[in-house]
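Raw target-v7.pdb, PDB, C-alpha atoms:
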ATOM      1  CA  MET H1313     -75.526  26.100 116.068
ATOM      2  CA  LEU H1314     -72.087  27.225 114.863
ATOM      3  CA  ARG H1315     -72.206  25.221 111.636
ATOM      4  CA  SER H1316     -70.730  27.210 108.783
ATOM      5  CA  THR H1317     -70.666  25.970 105.205
ATOM      6  CA  LYS H1318     -67.945  28.464 104.329
ATOM      7  CA  LEU H1319     -65.654  27.253 107.147
ATOM      8  CA  ARG H1320     -66.273  23.623 106.224
ATOM      9  CA  THR H1321     -65.500  24.335 102.547
ATOM     10  CA  THR H1322     -62.343  26.241 103.472
ATOM     11  CA  LEU H1323     -61.073  23.464 105.757
ATOM     12  CA  ILE H1324     -61.832  20.761 103.209
ATOM     13  CA  ALA H1325     -60.101  22.744 100.433
ATOM     14  CA  ALA H1326     -57.056  23.282 102.654
ATOM     15  CA  ALA H1327     -56.952  19.593 103.489
ATOM     16  CA  ALA H1328     -57.205  18.573  99.841
ATOM     17  CA  ALA H1329     -54.478  20.978  98.713
ATOM     18  CA  SER H1330     -52.129  19.973 101.509
ATOM     19  CA  THR H1331     -52.745  16.269 101.102
ATOM     20  CA  LEU H1332     -51.553  16.323  97.505
ATOM     21  CA  ALA H1333     -48.018  17.281  98.556
ATOM     22  CA  ALA H1334     -47.776  15.120 101.681
ATOM     23  CA  ALA H1335     -46.571  11.588 102.294
ATOM     24  CA  PRO H1336     -49.428   9.051 102.602
ATOM     25  CA  LEU H1337     -49.022   8.225 106.339
ATOM     26  CA  THR H1338     -48.728  11.869 107.367
ATOM     27  CA  ALA H1339     -51.534  12.866 104.997
ATOM     28  CA  ASP H1340     -53.846  10.347 106.709
ATOM     29  CA  GLU H1341     -53.038  11.824 110.099
ATOM     30  CA  PHE H1342     -53.530  15.316 108.697
ATOM     31  CA  THR H1343     -56.964  14.591 107.223
ATOM     32  CA  GLU H1344     -57.994  12.711 110.375
ATOM     33  CA  THR H1345     -56.997  15.766 112.419
ATOM     34  CA  LEU H1346     -59.027  18.057 110.159
ATOM     35  CA  ASP H1347     -62.011  15.715 110.445
ATOM     36  CA  ALA H1348     -61.650  15.844 114.239
ATOM     37  CA  ALA H1349     -61.573  19.659 114.083
ATOM     38  CA  LEU H1350     -64.780  19.691 112.042
ATOM     39  CA  GLU H1351     -66.473  17.270 114.421
ATOM     40  CA  ALA H1352     -65.495  19.393 117.416
ATOM     41  CA  TYR H1353     -66.691  22.521 115.621
ATOM     42  CA  GLU H1354     -70.033  20.949 114.758
ATOM     43  CA  ALA H1355     -70.375  19.886 118.407
ATOM     44  CA  GLU H1356     -69.748  23.537 119.346
ATOM     45  CA  ASP H1357     -66.508  22.624 121.131
ATOM     46  CA  ILE H1358     -64.464  25.559 119.863
ATOM     47  CA  ASN H1359     -61.474  24.867 122.140
ATOM     48  CA  ALA H1360     -61.108  21.306 120.855
ATOM     49  CA  ALA H1361     -61.531  22.502 117.252
ATOM     50  CA  ALA H1362     -58.788  25.093 117.783
ATOM     51  CA  GLU H1363     -56.462  22.457 119.298
ATOM     52  CA  GLU H1364     -57.036  20.109 116.358
ATOM     53  CA  LEU H1365     -56.371  22.888 113.847
ATOM     54  CA  ALA H1366     -53.167  23.870 115.672
ATOM     55  CA  TYR H1367     -52.025  20.246 115.520
ATOM     56  CA  ALA H1368     -52.909  20.061 111.811
ATOM     57  CA  SER H1369     -50.807  23.176 111.270
ATOM     58  CA  SER H1370     -47.847  21.543 113.040
ATOM     59  CA  LEU H1371     -48.235  18.474 110.818
ATOM     60  CA  LEU H1372     -48.058  20.718 107.746
ATOM     61  CA  GLN H1373     -44.912  22.379 109.119
ATOM     62  CA  THR H1374     -43.338  18.940 109.572
ATOM     63  CA  MET H1375     -44.232  18.003 105.993
ATOM     64  CA  LYS H1376     -42.706  21.240 104.725
ATOM     65  CA  GLY H1377     -39.531  20.522 106.702
ATOM     66  CA  GLU H1378     -39.275  17.003 105.300
ATOM     67  CA  ALA H1379     -39.680  18.293 101.748
ATOM     68  CA  PHE H1380     -37.082  21.001 102.406
ATOM     69  CA  ALA H1381     -34.625  18.425 103.820
ATOM     70  CA  GLU H1382     -34.836  16.539 100.512
ATOM     71  CA  LEU H1383     -32.963  19.487  98.972
ATOM     72  CA  LEU H1384     -29.846  18.785 101.023
ATOM     73  CA  PRO H1385     -27.155  17.276  98.789
ATOM     74  CA  ASP H1386     -26.329  13.586  98.807
ATOM     75  CA  PRO H1387     -23.070  12.711 100.561
ATOM     76  CA  LEU H1388     -19.962  12.863  98.428
ATOM     77  CA  ASP H1389     -18.126   9.601  97.699
ATOM     78  CA  GLY H1390     -16.678   8.220 100.936
ATOM     79  CA  TRP H1391     -18.862  10.475 103.109
ATOM     80  CA  SER H1392     -21.971   9.731 105.184
ATOM     81  CA  ARG H1393     -24.897  12.034 105.934
ATOM     82  CA  GLU H1394     -27.193  12.475 108.897
ATOM     83  CA  ILE H1395     -30.250  14.730 108.602
ATOM     84  CA  ASP H1396     -31.422  16.530 111.730
ATOM     85  CA  MET H1397     -35.217  16.458 111.565
ATOM     86  CA  ASP H1398     -35.435  18.521 114.772
ATOM     87  CA  ALA H1399     -33.894  21.507 112.967
ATOM     88  CA  ASN H1400     -37.256  22.407 111.454
ATOM     89  CA  ALA H1401     -38.862  22.623 114.900
ATOM     90  CA  ALA H1402     -36.048  24.922 116.015
ATOM     91  CA  ALA H1403     -36.854  27.291 113.142
ATOM     92  CA  GLY H1404     -40.119  28.101 114.894
ATOM     93  CA  MET H1405     -38.181  29.546 117.810
ATOM     94  CA  PHE H1406     -36.492  32.011 115.451
ATOM     95  CA  GLY H1407     -39.617  33.510 113.937
ATOM     96  CA  GLY H1408     -40.974  30.618 111.903
ATOM     97  CA  GLY H1409     -40.224  29.448 108.426
ATOM     98  CA  VAL H1410     -38.694  26.131 107.513
ATOM     99  CA  SER H1411     -35.246  24.709 108.202
ATOM    100  CA  ALA H1412     -33.159  21.666 107.299
ATOM    101  CA  THR H1413     -29.746  20.594 108.574
ATOM    102  CA  GLY H1414     -27.461  17.873 107.305
ATOM    103  CA  THR H1415     -24.183  16.745 108.857
ATOM    104  CA  TYR H1416     -21.693  15.054 106.538
ATOM    105  CA  THR H1417     -18.754  13.032 107.872
ATOM    106  CA  GLY H1418     -15.749  11.803 105.920
ATOM    107  CA  GLY H1419     -12.946  13.173 103.779
ATOM    108  CA  SER H1420     -11.207  15.901 105.736
ATOM    109  CA  GLY H1421     -13.638  15.969 108.668
ATOM    110  CA  GLU H1422     -17.210  17.177 109.089
ATOM    111  CA  VAL H1423     -19.409  19.503 107.019
ATOM    112  CA  ARG H1424     -22.661  20.867 108.441
ATOM    113  CA  ILE H1425     -25.143  22.422 106.019
ATOM    114  CA  GLN H1426     -28.047  24.410 107.390
ATOM    115  CA  MET H1427     -30.787  25.902 105.223
ATOM    116  CA  MET H1428     -33.412  28.261 106.613
ATOM    117  CA  ALA H1429     -36.211  29.834 104.558
ATOM    118  CA  ASP H1430     -39.145  32.186 104.931
ATOM    119  CA  ASN H1431     -37.936  33.422 108.289
ATOM    120  CA  PRO H1432     -38.089  37.132 109.217
ATOM    121  CA  SER H1433     -34.399  37.077 110.183
ATOM    122  CA  VAL H1434     -33.455  35.639 106.789
ATOM    123  CA  MET H1435     -35.577  38.227 105.003
ATOM    124  CA  THR H1436     -33.741  40.970 106.874
ATOM    125  CA  MET H1437     -30.329  39.540 105.962
ATOM    126  CA  ALA H1438     -31.257  38.936 102.314
ATOM    127  CA  GLY H1439     -30.701  42.605 101.473
ATOM    128  CA  MET H1440     -27.172  42.519 102.848
ATOM    129  CA  TYR H1441     -26.290  39.375 100.911
ATOM    130  CA  ALA H1442     -27.690  40.840  97.694
ATOM    131  CA  ASN H1443     -25.336  43.817  97.950
ATOM    132  CA  PRO H1444     -21.812  42.998  96.602
ATOM    133  CA  GLN H1445     -20.233  45.848  98.599
ATOM    134  CA  MET H1446     -21.721  44.611 101.865
ATOM    135  CA  LEU H1447     -20.561  41.073 101.103
ATOM    136  CA  ALA H1448     -16.998  42.244 100.483
ATOM    137  CA  ASN H1449     -17.036  44.070 103.834
ATOM    138  CA  MET H1450     -18.210  40.929 105.651
ATOM    139  CA  GLY H1451     -15.370  38.679 104.452
ATOM    140  CA  GLU H1452     -13.906  36.891 101.442
ATOM    141  CA  VAL H1453     -16.547  36.360  98.744
ATOM    142  CA  VAL H1454     -16.658  32.826  97.337
ATOM    143  CA  ARG H1455     -18.685  32.180  94.178
ATOM    144  CA  VAL H1456     -20.229  28.749  93.629
ATOM    145  CA  ASN H1457     -22.535  28.081  90.674
ATOM    146  CA  ARG H1458     -23.184  31.810  90.247
ATOM    147  CA  GLN H1459     -24.123  32.236  93.921
ATOM    148  CA  SER H1460     -22.124  34.383  96.335
ATOM    149  CA  PHE H1461     -21.133  33.154  99.770
ATOM    150  CA  VAL H1462     -19.109  34.936 102.439
ATOM    151  CA  ASN H1463     -16.205  33.043 103.960
ATOM    152  CA  GLN H1464     -15.888  34.015 107.603
ATOM    153  CA  ASN H1465     -13.226  31.868 109.285
ATOM    154  CA  GLY H1466     -14.081  28.854 107.137
ATOM    155  CA  GLU H1467     -17.868  29.203 107.451
ATOM    156  CA  LEU H1468     -19.592  29.901 104.135
ATOM    157  CA  THR H1469     -22.884  31.811 104.286
ATOM    158  CA  GLY H1470     -25.136  33.081 101.514
ATOM    159  CA  VAL H1471     -28.750  33.733 100.603
ATOM    160  CA  VAL H1472     -30.239  31.903  97.623
ATOM    161  CA  GLY H1473     -33.276  33.251  95.814
ATOM    162  CA  GLY H1474     -33.600  36.122  98.281
ATOM    163  CA  ARG H1475     -35.242  33.837 100.864
ATOM    164  CA  VAL H1476     -33.086  30.822 101.729
ATOM    165  CA  LEU H1477     -30.094  31.269 104.038
ATOM    166  CA  ILE H1478     -27.465  28.572 103.530
ATOM    167  CA  THR H1479     -24.621  28.131 106.000
ATOM    168  CA  VAL H1480     -21.859  25.578 105.467
ATOM    169  CA  ALA H1481     -19.690  25.046 108.532
ATOM    170  CA  GLY H1482     -17.589  22.351 110.170
ATOM    171  CA  ASN H1483     -13.969  21.380 110.511
ATOM    172  CA  ALA H1484     -13.594  19.987 106.974
ATOM    173  CA  SER H1485     -11.487  21.728 104.372
ATOM    174  CA  LEU H1486     -12.783  24.722 102.462
ATOM    175  CA  ASP H1487     -12.544  22.644  99.267
ATOM    176  CA  ASP H1488     -14.893  20.012 100.732
ATOM    177  CA  LYS H1489     -17.336  22.716 101.802
ATOM    178  CA  LYS H1490     -17.279  24.182  98.288
ATOM    179  CA  ALA H1491     -17.797  20.698  96.819
ATOM    180  CA  TYR H1492     -20.982  20.342  98.858
ATOM    181  CA  LEU H1493     -22.198  23.750  97.707
ATOM    182  CA  GLU H1494     -21.468  22.723  94.107
ATOM    183  CA  ALA H1495     -23.636  19.629  94.636
ATOM    184  CA  MET H1496     -26.651  21.720  95.695
ATOM    185  CA  ASP H1497     -29.464  22.592  93.284
ATOM    186  CA  PHE H1498     -29.852  26.308  94.019
ATOM    187  CA  ARG H1499     -32.693  26.691  91.527
ATOM    188  CA  ALA H1500     -34.766  24.008  93.270
ATOM    189  CA  ILE H1501     -33.886  25.472  96.675
ATOM    190  CA  ALA H1502     -34.989  28.964  95.647
ATOM    191  CA  GLY H1503     -38.255  27.583  94.246
ATOM    192  CA  ARG H1504     -39.249  25.520  97.272
TER     193      ARG H1504
END

Can you turn what I pasted into C-alpha cells?
Amino acid sequence: MLRSTKLRTTLIAAAAASTLAAAPLTADEFTETLDAALEAYEAEDINAAAEELAYASSLLQTMKGEAFAELLPDPLDGWSREIDMDANAAAGMFGGGVSATGTYTGGSGEVRIQMMADNPSVMTMAGMYANPQMLANMGEVVRVNRQSFVNQNGELTGVVGGRVLITVAGNASLDDKKAYLEAMDFRAIAGR
C-alpha cells in the first residue's frame, strides 16, 4: 500500500496553513479537495490524487490573487472601479506569480492599474528599475511616495519592493494617474 504518514502530515499541514489565510467558502473547497487527494492516494489512485492536488494548487493561486487585488486603491471621489479577477489567471501564462488589475472610470477618463508580483519577468526588470541611470534613460522619472516610476507616453511603470511591477495606464490625465499611485500603500504591496 502507498500509505505514507509523512505525506499525510505534509498535506494536512499545508491545508491548515493555507486555510488560515483563505476565505471560508474557498477554504472549505480547498480542504475538501485535499481530503479527496488523500482518499485517492490511500486508494492507490495516483492519477486522481495528482489531479486533486493540482486543483488545490489552483485554488490557492486564486486566493492569492484575491488577496493581492485587495491592495488596489479604492476609487477616488466621483470614480468607479472594476476589478478584473481573470488577470491573476493570465499571470500564469507569463511565468507564474500573482496579478491584479483594476480599471477606474471617471474624472478625466479611465485609469488602469496592473500589479504583477513574483514573476520571472518582473524579477528580471527589477534590476533595471532599481538603477536611477537606467530609469532616466527609459523616460521621465516620476516620484510618488518615495517610489520611482517611468513615464513613457503617459504610462507610469515602476517596481515596488523589488518584486511587484505596477503599471498605471489609460486615457486619464497624468495628474489622475499620480493621484491613484498616491492612494496606494506601497509598503503593504511590497510585503504581500

Selection under test: the PyMOL selection byres ((chain H and resi 1345-1349) around 9); residues as a list in words: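 Checked against the file, the PyMOL selection byres ((chain H and resi 1345-1349) around 9) matches Leu1323, Ile1324, Ala1327, Asp1340, Glu1341, Phe1342, Thr1343, Glu1344, Leu1350, Glu1351, Ala1352, Tyr1353, Glu1354, Ile1358, Ala1360, Ala1361, Ala1362, Glu1363, Glu1364, Leu1365, Tyr1367 and Ala1368 of chain H.
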
Coordinates-based distance that separates CA of Ala1491 (chain H) from CA of Met1450 (chain H) (Å, one decimal): 22.1 Å

For Arg1455 (chain H), the nearest of the candidates H:Met1437, H:Val1423, H:Ala1379, H:Glu1494, counting all atoms listed in the file: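 The answer is H:Glu1494, which sits nearest to Arg1455 (chain H).
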
Atomic distance CA of Gln1459 (chain H) - CA of Thr1479 (chain H), expressed in Å with one decimal: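 Spanning CA of Gln1459 (chain H) to CA of Thr1479 (chain H) is a straight-line distance of 12.8 Å.
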
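Restricting the calculation to all atoms listed in the file, the smallest distance between Ala1442 (chain H) and any of H:Leu1477, H:Leu1388, H:Ala1355, H:Met1496 is found for H:Leu1477.
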